Amino acid sequence: MSTNVSYTANEAVSKLKKGNLNYISANRNDGDVSSAVRLKTCVEGQKPYAIIITCSDSRVIPESIFSAGIGDLFVIRVAGNVIDNHQLGSIEYAAEHLGCRLILVMGHNHCGQWMP
Ligand SMILES: [Zn+2]
């Protein structure tokens, strides 16, 4: 359970890389989505270790890609992976109020592509 723990940016990068290795090798999500972590984050609040800015594309699933659970990531998703004032305000909130020290902008291949 990683909620309510402060991470440095380097620690957050290591955690994301480890989660991504799990995702690539296991094809499953090992993030904690238990009732215990749901209750803990409800009562004690959230302390995500990274802000993820990515596309709304249904093939891009940050929590799965990084094997993250409830309270781990602060995810901002917008089609085309762009940032305007609304997204910037969310980033500032997560950095200032939730203590996130890492912002990851995650692109992907074939953005907007559909297959007939
Ligand atoms: Zn996209």
# chains A, B, ... in the order shown; residues from 1 in each chain; ligands from 1
$ residues_around --residues "range 96-109 of chain A" --least-positions-apart "6" --cutoff "6 Å" --atoms "only C-alpha atoms" --output "list in words"
Thr8, Ala9, Lys47, Tyr49, Ala50, Ile51, Ile52, Ile53 and Thr54 of chain A
$ closest_atom_pairs --of "chain A" --to "ligand 1" --cutoff "8 Å" --atoms "only C-alpha atoms and all ligand atoms" --output "Markdown table"
| residue | atom | partner | partner_atom_place_in_ligand_line | distance |
| --- | --- | --- | --- | --- |
| A:Thr54 | CA | ligand 1 | 1 (Zn) | 7.7 |
| A:Cys55 | CA | ligand 1 | 1 (Zn) | 4.5 |
| A:Ser56 | CA | ligand 1 | 1 (Zn) | 6.2 |
| A:Asp57 | CA | ligand 1 | 1 (Zn) | 4.9 |
| A:Val60 | CA | ligand 1 | 1 (Zn) | 7.9 |
| A:Ala79 | CA | ligand 1 | 1 (Zn) | 5.7 |
| A:Gly80 | CA | ligand 1 | 1 (Zn) | 4.8 |
| A:Asn81 | CA | ligand 1 | 1 (Zn) | 6.3 |
| A:Gly107 | CA | ligand 1 | 1 (Zn) | 7.0 |
| A:His108 | CA | ligand 1 | 1 (Zn) | 6.2 |
| A:Asn109 | CA | ligand 1 | 1 (Zn) | 7.5 |
| A:His110 | CA | ligand 1 | 1 (Zn) | 7.1 |
| A:Cys111 | CA | ligand 1 | 1 (Zn) | 3.6 |
| A:Gly112 | CA | ligand 1 | 1 (Zn) | 5.4 |
$ select_by_dssp --residues "range 2-109 of chain A" --states "strand (DSSP E)" --output "PyMOL selection string"
chain A and resi 50-54+73-77+103-106
$ write_last_selection --atoms "N, CA and C atoms" --output "PDB file, in the first residue's frame"
ATOM      1  N   ALA A  50       2.845  10.197  -8.255  1.00  0.00           N
ATOM      2  CA  ALA A  50       3.184  10.790  -9.550  1.00  0.00           C
ATOM      3  C   ALA A  50       1.948  11.383 -10.212  1.00  0.00           C
ATOM      4  N   ILE A  51       2.184  12.429 -10.973  1.00  0.00           N
ATOM      5  CA  ILE A  51       1.163  13.026 -11.827  1.00  0.00           C
ATOM      6  C   ILE A  51       1.426  12.487 -13.233  1.00  0.00           C
ATOM      7  N   ILE A  52       0.400  11.922 -13.840  1.00  0.00           N
ATOM      8  CA  ILE A  52       0.546  11.371 -15.190  1.00  0.00           C
ATOM      9  C   ILE A  52      -0.349  12.178 -16.126  1.00  0.00           C
ATOM     10  N   ILE A  53       0.235  12.746 -17.149  1.00  0.00           N
ATOM     11  CA  ILE A  53      -0.522  13.471 -18.169  1.00  0.00           C
ATOM     12  C   ILE A  53      -0.470  12.628 -19.429  1.00  0.00           C
ATOM     13  N   THR A  54      -1.640  12.206 -19.868  1.00  0.00           N
ATOM     14  CA  THR A  54      -1.645  11.326 -21.039  1.00  0.00           C
ATOM     15  C   THR A  54      -2.921  11.499 -21.844  1.00  0.00           C
ATOM     16  N   LEU A  73      -1.665   7.182  -8.388  1.00  0.00           N
ATOM     17  CA  LEU A  73      -1.379   8.111  -9.480  1.00  0.00           C
ATOM     18  C   LEU A  73      -2.445   9.193  -9.563  1.00  0.00           C
ATOM     19  N   PHE A  74      -2.028  10.400  -9.910  1.00  0.00           N
ATOM     20  CA  PHE A  74      -2.949  11.495 -10.186  1.00  0.00           C
ATOM     21  C   PHE A  74      -2.936  11.655 -11.698  1.00  0.00           C
ATOM     22  N   VAL A  75      -3.979  11.157 -12.359  1.00  0.00           N
ATOM     23  CA  VAL A  75      -3.976  11.036 -13.819  1.00  0.00           C
ATOM     24  C   VAL A  75      -4.818  12.134 -14.458  1.00  0.00           C
ATOM     25  N   ILE A  76      -4.231  12.799 -15.435  1.00  0.00           N
ATOM     26  CA  ILE A  76      -4.921  13.824 -16.216  1.00  0.00           C
ATOM     27  C   ILE A  76      -4.930  13.336 -17.653  1.00  0.00           C
ATOM     28  N   ARG A  77      -6.125  13.099 -18.177  1.00  0.00           N
ATOM     29  CA  ARG A  77      -6.240  12.545 -19.528  1.00  0.00           C
ATOM     30  C   ARG A  77      -7.028  13.494 -20.420  1.00  0.00           C
ATOM     31  N   ILE A 103       6.113  14.760 -12.484  1.00  0.00           N
ATOM     32  CA  ILE A 103       5.121  14.915 -13.547  1.00  0.00           C
ATOM     33  C   ILE A 103       5.621  14.135 -14.749  1.00  0.00           C
ATOM     34  N   LEU A 104       4.850  13.158 -15.181  1.00  0.00           N
ATOM     35  CA  LEU A 104       5.216  12.350 -16.343  1.00  0.00           C
ATOM     36  C   LEU A 104       4.235  12.639 -17.478  1.00  0.00           C
ATOM     37  N   VAL A 105       4.742  13.108 -18.601  1.00  0.00           N
ATOM     38  CA  VAL A 105       3.925  13.293 -19.796  1.00  0.00           C
ATOM     39  C   VAL A 105       4.131  12.054 -20.654  1.00  0.00           C
ATOM     40  N   MET A 106       3.064  11.301 -20.833  1.00  0.00           N
ATOM     41  CA  MET A 106       3.168  10.014 -21.512  1.00  0.00           C
ATOM     42  C   MET A 106       2.424  10.034 -22.849  1.00  0.00           C
TER      43      MET A 106
END
$ closest_residue --among "A:Ile65, A:Gln46, A:Ser58, A:Val13" --to "Asp30 in chain A" --atoms "only C-alpha atoms"
A:Ile65
$ closest_residue --among "A:Ser64, A:Asp72, A:Ala95, A:Leu88" --to "Arg38 in chain A" --atoms "only C-alpha atoms"
A:Asp72
$ closest_residue --among "A:Ser6, A:Glu11, A:Gly31, A:Trp114" --to "Phe66 in chain A" --atoms "only C-alpha atoms"
A:Gly31
$ select_by_dssp --residues "chain A" --states "alpha helix (DSSP H)" --output "short mmCIF file (atom, residue, chain, number, x, y, z; two decimals) with C-alpha atoms, in the first residue's frame"
data_model
loop_
_atom_site.label_atom_id
_atom_site.label_comp_id
_atom_site.auth_asym_id
_atom_site.auth_seq_id
_atom_site.Cartn_x
_atom_site.Cartn_y
_atom_site.Cartn_z
CA ALA A 9 10.87 12.47 -7.93
CA ASN A 10 13.62 9.85 -8.32
CA GLU A 11 11.80 7.40 -6.06
CA ALA A 12 8.61 7.97 -8.06
CA VAL A 13 10.44 7.30 -11.36
CA SER A 14 11.83 4.05 -9.91
CA LYS A 15 8.38 3.01 -8.77
CA LEU A 16 6.88 3.74 -12.20
CA LYS A 17 9.64 1.77 -13.95
CA LYS A 18 9.19 -1.20 -11.63
CA GLY A 19 5.43 -1.13 -12.16
CA ASN A 20 5.90 -0.93 -15.91
CA LEU A 21 8.23 -3.95 -15.88
CA ASN A 22 5.55 -5.89 -13.98
CA TYR A 23 2.95 -4.83 -16.55
CA ILE A 24 5.09 -5.82 -19.52
CA SER A 25 6.06 -9.19 -18.09
CA ALA A 26 2.86 -10.25 -16.41
CA SER A 35 -11.20 -2.53 0.33
CA ALA A 36 -8.52 -1.64 2.88
CA VAL A 37 -6.85 0.89 0.56
CA ARG A 38 -10.24 2.23 -0.53
CA LEU A 39 -11.13 2.86 3.11
CA LYS A 40 -7.68 4.27 3.97
CA THR A 41 -7.71 6.79 1.10
CA CYS A 42 -11.31 7.72 1.89
CA VAL A 43 -10.51 8.42 5.53
CA GLU A 44 -6.94 9.73 5.27
CA PRO A 62 -1.82 4.47 -16.82
CA GLU A 63 -2.81 2.45 -13.74
CA SER A 64 -2.30 -0.81 -15.61
CA ILE A 65 0.84 0.30 -17.41
CA ASN A 85 -5.52 26.06 -18.15
CA HIS A 86 -7.84 23.37 -16.74
CA GLN A 87 -5.19 20.68 -16.95
CA LEU A 88 -2.53 23.06 -15.63
CA GLY A 89 -4.72 23.81 -12.61
CA SER A 90 -5.01 20.09 -11.89
CA ILE A 91 -1.25 19.69 -12.14
CA GLU A 92 -0.71 22.60 -9.76
CA TYR A 93 -3.23 21.13 -7.32
CA ALA A 94 -1.52 17.75 -7.26
CA ALA A 95 1.93 19.29 -6.89
CA GLU A 96 1.04 21.92 -4.28
#
